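Visitor: Input: one structure, supplied below.
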Amino acid sequence: WQRTKPDVEGDTHCGWIFVDADRGDDEPYKNSEGLGGPFPTRYPNTEPEPFYGAKTVRELYERAGDVDGKYTVPILWDKEKQTIVSNESSEIIQMLNSEFNEFAKHPELDLNPSHLHEQMADVDFLIYNNLNNGVYRCGFAQTQSAYDTAITDLTRAFDRVEAILSQQRYIAGDIFTLSDIRLFVTLIRFDEVYMVYFKTNTRCVANSPVLLNYVREIYQMPGVADTIHMEQIKLHYYASHPKLNQWSIMPRGPDFEAKLQRPHNRDQTLSGTAEMDDKASKTLEGWSQMLVG
């Protein structure tokens, strides 16, 4: 996470950069303010940008004619038209679910089943506003009242998904869906990053047997663990915002990923459950009223 045009006076934009050993990008980095580190230029299995030799994500946006200044990831790139198809994660996961089946190893897999669209829409609203985005609302709040509102919303949402998952296997029902992916990517980062960095310490995944086992089950699905690189996740967050962490010190953390490698017991904990307990029922009822309101 560096200045994207360090040689242009007055251009202070910082963002993702691609390193390339063939280009001589071997010098360890400090953060964008020249403090902290040194940080490695790359990790095993990370690759330089493969098509144009771009050094920054910003270069890809500018190649696509977008110079507005908000150069975000993820990006779904069209190699033939040499442009960005989408930079919105909720759109991209739906496209990857159904638009590339002719190239897919498992084209029969559908994580967006039509009979669960209503349930998915309800939980997606909760997950995005109060968990996916909720952690950022907490972390970047600039007033105490803004933080208090955000952390209250996040805590309630955490409790709600915990209640739901205490009664059913996955967040939208009994099968794994895109909604579970939306939830998983926040929960996997929660204890190592958000609790500390974004001050979301009213709750903890490791302290919730329900959510810990839920995250364990997804983490242990074939291929998922290969996409999780916790040191890279942590380094990105802790070294990207000098205003929050001037020297980019990365906390050692509880080794949350090691906890995910232990067996889960979702089958046992859900067997025989026919009705929600009073706490879960009241939580769901309250949230349903808030969503309708």
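Residue numbers start at 1 in each chain; chains themselves are named A, B, ... in the order of the structure tokens; ligands are numbered from 1 in the order shown.
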Env of range 208-212 of chain A: 9 Å cut, atoms = only C-alpha atoms, seq-sep filter 2 positions within chain, self excluded. Answer as a count of residues only.

Guide: 19

Visitor: With a distance cut-off of 6 Å and only C-alpha atoms, select the neighbouring residues of Thr56 in chain A, excluding the residue or stretch itself and same-chain residues fewer than 6 positions from it, and output the selection as an MDAnalysis selection string.

Guide: chainID A and resid 16:18

Visitor: DSSP on the backbone: which residues in range 20-259 of chain A end up as alpha helix (DSSP H)? Give the answer as a PyMOL selection string.

Guide: chain A and resi 57-63+89-98+117-127+134-139+144-165+178-189+195-197+209-219+230-240+256-259

Visitor: Would you save the residues from that selection as a JSON list (two decimals), in the first residue's frame, using C-alpha atoms?

Guide:
```
[["chain", "number", "residue", "atom", "x", "y", "z"],
["A", 57, "VAL", "CA", -4.32, -0.92, -9.53],
["A", 58, "ARG", "CA", -4.67, 2.74, -10.42],
["A", 59, "GLU", "CA", -2.94, 2.08, -13.75],
["A", 60, "LEU", "CA", -5.61, -0.48, -14.62],
["A", 61, "TYR", "CA", -8.37, 2.00, -13.87],
["A", 62, "GLU", "CA", -6.67, 4.65, -15.98],
["A", 63, "ARG", "CA", -6.24, 2.13, -18.80],
["A", 89, "SER", "CA", -17.81, -7.61, -4.88],
["A", 90, "SER", "CA", -21.53, -8.41, -4.55],
["A", 91, "GLU", "CA", -21.88, -8.29, -8.36],
["A", 92, "ILE", "CA", -18.67, -10.19, -9.04],
["A", 93, "ILE", "CA", -19.54, -13.17, -6.84],
["A", 94, "GLN", "CA", -22.89, -13.50, -8.64],
["A", 95, "MET", "CA", -21.14, -13.36, -12.02],
["A", 96, "LEU", "CA", -18.61, -15.98, -10.95],
["A", 97, "ASN", "CA", -21.46, -18.17, -9.74],
["A", 98, "SER", "CA", -23.24, -18.43, -13.09],
["A", 117, "HIS", "CA", -33.46, -15.45, -2.91],
["A", 118, "GLU", "CA", -35.83, -13.88, -0.38],
["A", 119, "GLN", "CA", -33.99, -15.29, 2.61],
["A", 120, "MET", "CA", -30.64, -14.33, 1.09],
["A", 121, "ALA", "CA", -31.79, -10.76, 0.46],
["A", 122, "ASP", "CA", -32.82, -10.39, 4.11],
["A", 123, "VAL", "CA", -29.56, -11.64, 5.57],
["A", 124, "ASP", "CA", -27.45, -9.85, 2.92],
["A", 125, "PHE", "CA", -28.97, -6.55, 4.01],
["A", 126, "LEU", "CA", -28.02, -7.26, 7.60],
["A", 127, "ILE", "CA", -24.57, -8.63, 6.79],
["A", 134, "GLY", "CA", -20.17, -2.17, 9.91],
["A", 135, "VAL", "CA", -16.55, -2.88, 10.85],
["A", 136, "TYR", "CA", -15.46, 0.08, 8.69],
["A", 137, "ARG", "CA", -18.13, 2.30, 10.21],
["A", 138, "CYS", "CA", -16.57, 1.50, 13.60],
["A", 139, "GLY", "CA", -12.97, 1.79, 12.50],
["A", 144, "GLN", "CA", -17.80, 9.13, 19.61],
["A", 145, "SER", "CA", -21.49, 9.21, 18.72],
["A", 146, "ALA", "CA", -20.80, 7.79, 15.23],
["A", 147, "TYR", "CA", -18.73, 5.00, 16.75],
["A", 148, "ASP", "CA", -21.37, 4.29, 19.42],
["A", 149, "THR", "CA", -24.06, 3.95, 16.76],
["A", 150, "ALA", "CA", -21.89, 1.73, 14.57],
["A", 151, "ILE", "CA", -20.73, -0.58, 17.35],
["A", 152, "THR", "CA", -24.30, -0.98, 18.63],
["A", 153, "ASP", "CA", -25.48, -1.96, 15.14],
["A", 154, "LEU", "CA", -22.56, -4.35, 14.71],
["A", 155, "THR", "CA", -23.08, -6.00, 18.10],
["A", 156, "ARG", "CA", -26.76, -6.58, 17.42],
["A", 157, "ALA", "CA", -25.96, -8.01, 13.98],
["A", 158, "PHE", "CA", -23.29, -10.30, 15.44],
["A", 159, "ASP", "CA", -25.82, -11.61, 17.94],
["A", 160, "ARG", "CA", -28.43, -12.09, 15.26],
["A", 161, "VAL", "CA", -26.26, -14.17, 12.94],
["A", 162, "GLU", "CA", -25.14, -16.17, 15.96],
["A", 163, "ALA", "CA", -28.78, -16.87, 16.82],
["A", 164, "ILE", "CA", -29.63, -17.85, 13.25],
["A", 165, "LEU", "CA", -26.65, -20.18, 12.96],
["A", 178, "LEU", "CA", -23.29, -16.63, -1.58],
["A", 179, "SER", "CA", -24.63, -15.13, 1.63],
["A", 180, "ASP", "CA", -22.32, -17.42, 3.60],
["A", 181, "ILE", "CA", -19.37, -16.18, 1.57],
["A", 182, "ARG", "CA", -20.33, -12.58, 2.40],
["A", 183, "LEU", "CA", -20.43, -13.42, 6.10],
["A", 184, "PHE", "CA", -17.34, -15.65, 6.15],
["A", 185, "VAL", "CA", -14.97, -13.03, 4.72],
["A", 186, "THR", "CA", -15.73, -10.68, 7.62],
["A", 187, "LEU", "CA", -15.74, -13.33, 10.35],
["A", 188, "ILE", "CA", -12.38, -14.74, 9.21],
["A", 189, "ARG", "CA", -10.82, -11.30, 9.78],
["A", 195, "MET", "CA", -11.44, -6.39, 17.16],
["A", 196, "VAL", "CA", -8.14, -4.56, 17.57],
["A", 197, "TYR", "CA", -7.80, -2.21, 14.64],
["A", 209, "PRO", "CA", -18.88, -21.76, 19.83],
["A", 210, "VAL", "CA", -21.58, -21.37, 17.18],
["A", 211, "LEU", "CA", -19.70, -18.91, 14.97],
["A", 212, "LEU", "CA", -16.31, -20.49, 15.52],
["A", 213, "ASN", "CA", -17.61, -23.85, 14.35],
["A", 214, "TYR", "CA", -19.42, -22.21, 11.42],
["A", 215, "VAL", "CA", -16.20, -20.51, 10.28],
["A", 216, "ARG", "CA", -14.29, -23.75, 10.85],
["A", 217, "GLU", "CA", -16.66, -25.67, 8.62],
["A", 218, "ILE", "CA", -16.31, -23.21, 5.73],
["A", 219, "TYR", "CA", -12.56, -22.88, 6.19],
["A", 230, "MET", "CA", -3.67, -14.30, 7.39],
["A", 231, "GLU", "CA", -0.28, -12.61, 7.54],
["A", 232, "GLN", "CA", -1.02, -10.79, 4.29],
["A", 233, "ILE", "CA", -4.49, -9.86, 5.50],
["A", 234, "LYS", "CA", -3.09, -8.41, 8.70],
["A", 235, "LEU", "CA", -0.20, -6.62, 7.04],
["A", 236, "HIS", "CA", -2.49, -4.93, 4.57],
["A", 237, "TYR", "CA", -4.77, -3.54, 7.28],
["A", 238, "TYR", "CA", -2.17, -2.59, 9.86],
["A", 239, "ALA", "CA", 0.20, -1.01, 7.33],
["A", 240, "SER", "CA", -2.31, 0.81, 5.13],
["A", 256, "PHE", "CA", -7.04, -17.52, 14.93],
["A", 257, "GLU", "CA", -6.27, -19.58, 11.83],
["A", 258, "ALA", "CA", -4.83, -22.38, 13.99],
["A", 259, "LYS", "CA", -8.21, -22.61, 15.75]]
```

Visitor: Show which residues sit within 7 Å of Pro38 in chain A, as a ChimeraX atom specification. Count only C-alpha atoms, and ignore same-chain residues fewer than 5 positions away.

Guide: /A:28-30

Visitor: So which bits of range 61-220 of chain A end up strand (DSSP E or B) when you DSSP the backbone, as an NGL selection string?

Guide: :A and (76-78 or 83-86 or 170 or 173)

Visitor: Compare A:Ala225, A:Met250, A:Ala172, A:Ala54 by their minimum atom-to-atom distance to Val19 in chain A, counting only C-alpha atoms, and give me the closest one.

Guide: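 The closest residue to Val19 in chain A is A:Ala54.
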
Visitor: Enter the distance from CA of Ile249 in chain A to CA of Gly37 in chain A, in Å, rounded to one decimal.

Guide: 7.9 Å

Visitor: Identify which of the residues A:Ile84, A:Pro48, A:Trp77, A:Asn132 lies closest to Gly65 in chain A, counting only C-alpha atoms when measuring atom-to-atom distances.

Guide: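 Smallest distance to Gly65 in chain A is found for A:Ile84.
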